[in-house]
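J.: Before anything else, here's the structure in question.
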Amino acid sequence: MQGGLDKGNPKLRELVINRQWCKGCGVCVAFCPKHVLELDDKEKAVVARFEECICCRYCELRCPDLAIEMPLLPQYGPNDLSA
Ligand code: SF4
Ligand code: SF4
């Protein structure tokens, strides 16, 4: 997934969900204010609407299994996610 988003935070490169760690609790789906995430037919979280992501990080912070990562585009550092 590349940057250049029409919506959301353009610094975000992708939303990575580790399917091996995801236990399908649905916490990330419930907390996402933009309905970016869904559970698939295997009860694993998937990114359904990446372009809607506003990088609030609720999903990453709330996942009890640390299964979500939000890598930024290479020109940005770890403190650049907000704004
Ligand atoms: S919060 Fe974490 S473990 Fe729960 S569904 Fe989302 S990614 Fe999977
Ligand atoms: S960072 Fe926020 S908007 Fe983006 S998927 Fe996670 S909870 Fe949804």
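Every chain in the structure tokens takes a letter, A first, then B, and so on in the order presented; its residues are numbered from 1, and the ligands are numbered from 1 following the presented order.
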Residues within 8 Å of ligand 2 should be enumerated using only C-alpha atoms and all ligand atoms and returned as a ChimeraX atom specification.
T.: /A:8,15,28-29,31-37,47,50,52-60,70
J.: Counting only C-alpha atoms and all ligand atoms, which residues of chain A fall within 7 Å of ligand 1, and what is the closest atom pair for each with its distance in Å at one decimal, ordered by chain and rising number, as a tab-separated table?
T.:
```
residue	atom	partner	partner_atom_place_in_ligand_line	distance
A:Ile17	CA	ligand 1	7 (S)	6.1
A:Trp21	CA	ligand 1	3 (S)	6.6
A:Cys22	CA	ligand 1	8 (Fe)	3.6
A:Lys23	CA	ligand 1	3 (S)	4.4
A:Gly24	CA	ligand 1	5 (S)	3.8
A:Cys25	CA	ligand 1	4 (Fe)	3.9
A:Gly26	CA	ligand 1	5 (S)	3.9
A:Val27	CA	ligand 1	1 (S)	4.3
A:Cys28	CA	ligand 1	1 (S)	4.1
A:Val29	CA	ligand 1	6 (Fe)	6.3
A:Leu39	CA	ligand 1	5 (S)	6.9
A:Lys44	CA	ligand 1	8 (Fe)	5.9
A:Ala45	CA	ligand 1	5 (S)	4.9
A:Cys59	CA	ligand 1	1 (S)	6.4
A:Arg62	CA	ligand 1	1 (S)	6.3
A:Cys63	CA	ligand 1	1 (S)	3.6
A:Pro64	CA	ligand 1	2 (Fe)	5.8
A:Asp65	CA	ligand 1	3 (S)	5.3
A:Leu66	CA	ligand 1	2 (Fe)	6.3
A:Ala67	CA	ligand 1	7 (S)	5.0
A:Ile68	CA	ligand 1	7 (S)	5.7
```
J.: Write out as number ranges by chain all residues of chain A that backbone DSSP assigns to alpha helix (DSSP H).
T.: A: 27-31, 58-62
J.: From the options A:Val16, A:Arg49, A:Glu43, A:Asn9, which residue's atoms come nearest to Pro71 of chain A, counting only C-alpha atoms?
T.: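 Looking only at the distances to Pro71 of chain A, the closest residue turns out to be A:Val16.
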J.: Measure the distance from atom CA of Gln75 of chain A to atom CA of Leu12 of chain A in Å and round it to one decimal.
T.: 10.6 Å
J.: What does the distance from atom CA of Leu72 of chain A to atom CA of Asn18 of chain A come to in Å, to one decimal?
T.: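 That distance, rounded to one decimal, is 16.7 Å.
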J.: Work out how far atom CA of Gln20 of chain A is from atom CA of Glu69 of chain A, in Å to one decimal.
T.: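 Separation of atom CA of Glu69 of chain A and atom CA of Gln20 of chain A: 13.4 Å.
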J.: If you run DSSP on the backbone here, which positions in chain A get strand (DSSP E or B)? Please write them as a ChimeraX atom specification.
T.: /A:12,16-17,37-39,45-47,68-69,72
J.: Grab the residues selected above and save them as a compact mmCIF listing (two decimals), in the first residue's frame with C-alpha atoms.
T.:
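That gives us result_23.txt:
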```txt
# COMPACT_ATOMS: atom_id res chain seq x y z
CA LEU A 12 0.74 6.45 6.98
CA VAL A 16 -0.42 -4.10 9.29
CA ILE A 17 -2.46 -6.74 11.06
CA LEU A 37 -11.57 -2.48 10.09
CA GLU A 38 -13.73 -5.58 9.83
CA LEU A 39 -13.55 -9.21 10.86
CA ALA A 45 -9.28 -8.32 11.59
CA VAL A 46 -8.77 -6.96 8.08
CA VAL A 47 -8.39 -3.46 6.65
CA ILE A 68 -1.66 -3.99 14.77
CA GLU A 69 1.20 -1.84 13.54
CA LEU A 72 4.82 5.46 8.31
```
